[in-house]
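Asks: Attaching a single structure in structure tokens format; questions to follow.
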Amino acid sequence: MAVPLFSLQFHTSILTQPLPSSSRSFSVGKRFSCSSSSTSMEHHESKFKEFPYASVPHRELMVELVSTMENRLGASLLPCTLPSHVQYFENEYATAHASLYVRSGNSSSQVDFILGSWVHCNLPTGGALNITSLSAYLRPSTDAPNFLIEVIRSTPTTLILILDLPPRKDLVQHPDYLKTFYEETQLDKQRQLLEKLPEVKPYFSSSLYIRALVSPSAILVSIETEPSQAIRIDEIIQDRISPVAKVMLDTWLDLCACTERRLTDDESTDLAKRDRIIKNKTIEIDLESSFPRLFGQEVANQVLGVLREIYNS
């Protein structure tokens, strides 16, 4: 399953305002042995892992999640081979910047690929929109959920968090799936921990399609502090969001990425079709409209062309 890469969908009301001229242009079986050693990525990871526009706690969270995922998956991930103009790109006025990072799984891995990103763009209302994202997609050899985290900041005192293990099967038709991945793991308690904070409110995407893709235990919250308490957002990231995100990533690594689930050929075929539909829909409803606006048509075509190849390989 794929949820929009940068979630620019979540800020449609901001990004559709006229931009200044400077911005246009079924049984759980054996566990896989996931390696604890990481692969050296040399310069391929430099731009992505800098997270240059994130605050220190925000940056530390993303770096730790990426490192944990890579260390656990180890040699089952291939090096990042994205062309340099896709690893980092910007518009001609340097008012919008982004970085992509993709590592595919090797032939014996259940991981299809992991995808990290950050995007920064100046807003027509002043300030900037900063989004960081890490997601992991599994192959149709397993029906286990994928992993997704996105942290979206449009002001120093506001934050939107999307954190989920998106299901890849219908939970009504497959109650054992619901029990295995969401009830027995008690993931809903992680959402409840955050929602106890007075600054936290549930967040509802304007897209019904997106809302249909997440799990019942998905964390979709909006966090807002008083204008004089901007530092409070970073405290919440460090003390509350980071522990919850780590628990959910560890759950995904233990139960989804590193555990085999036996599927029939028909089940794998149906799952592959579902995955492909959602990935292509992601590009269609989100990136095809937002990327040309932010980065210009030429850059958007180059980046989206590479993403289509990754999503449909």
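Labels for the structure tokens follow display order: chains A, B, ..., residues from 1 in each chain, ligands from 1.
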Considering only C-alpha atoms, tabulate each residue of segment 251-310 of chain A that lies at most 12 Å from segment 182-194 of chain A along with its nearest interatomic pair and the corresponding distance in Å to one decimal; arrange the rows by chain and ascending residue number and present them as JSON lines.
Replies:
{"residue": "A:Thr251", "atom": "CA", "partner": "A:Thr185", "partner_atom": "CA", "distance": 7.5}
{"residue": "A:Trp252", "atom": "CA", "partner": "A:Thr185", "partner_atom": "CA", "distance": 9.9}
{"residue": "A:Asp254", "atom": "CA", "partner": "A:Thr185", "partner_atom": "CA", "distance": 10.9}
{"residue": "A:Leu255", "atom": "CA", "partner": "A:Thr185", "partner_atom": "CA", "distance": 9.2}
{"residue": "A:Cys256", "atom": "CA", "partner": "A:Thr185", "partner_atom": "CA", "distance": 11.7}
Asks: Mind checking which residues fall within 12 Å of Gly296 of chain A, counting only C-alpha atoms, ignoring those fewer than 4 positions away in the same chain, and posting them as a PyMOL selection string?
Replies: chain A and resi 22-25+89-97+288-292+300-304
Asks: Env of Leu61 of chain A: 8 Å cut, atoms = only C-alpha atoms, seq-sep filter 3 positions within chain, self excluded. Answer as a PyMOL selection string.
Replies: chain A and resi 57-58+64-65+237-238+242
Asks: Using only C-alpha atoms, can you tell me which of A:Ser228, A:Leu165, A:Met69, A:Ser117 comes closest to Lys47 of chain A?
Replies: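 Selected residue with least distance to Lys47 of chain A: A:Ser117.
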Asks: Find the distance between atom CA of Leu82 of chain A and atom CA of Ser104 of chain A and write it in Å to one decimal.
Replies: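 Computed distance, atom CA of Leu82 of chain A to atom CA of Ser104 of chain A, equals 10.6 Å.
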Asks: Quick one: residues within 9 Å of Ile283 of chain A, only C-alpha atoms counted, chain neighbours fewer than 3 positions away excluded, as a PyMOL selection string?
Replies: chain A and resi 4-5+278-280+286-289+304+307-308
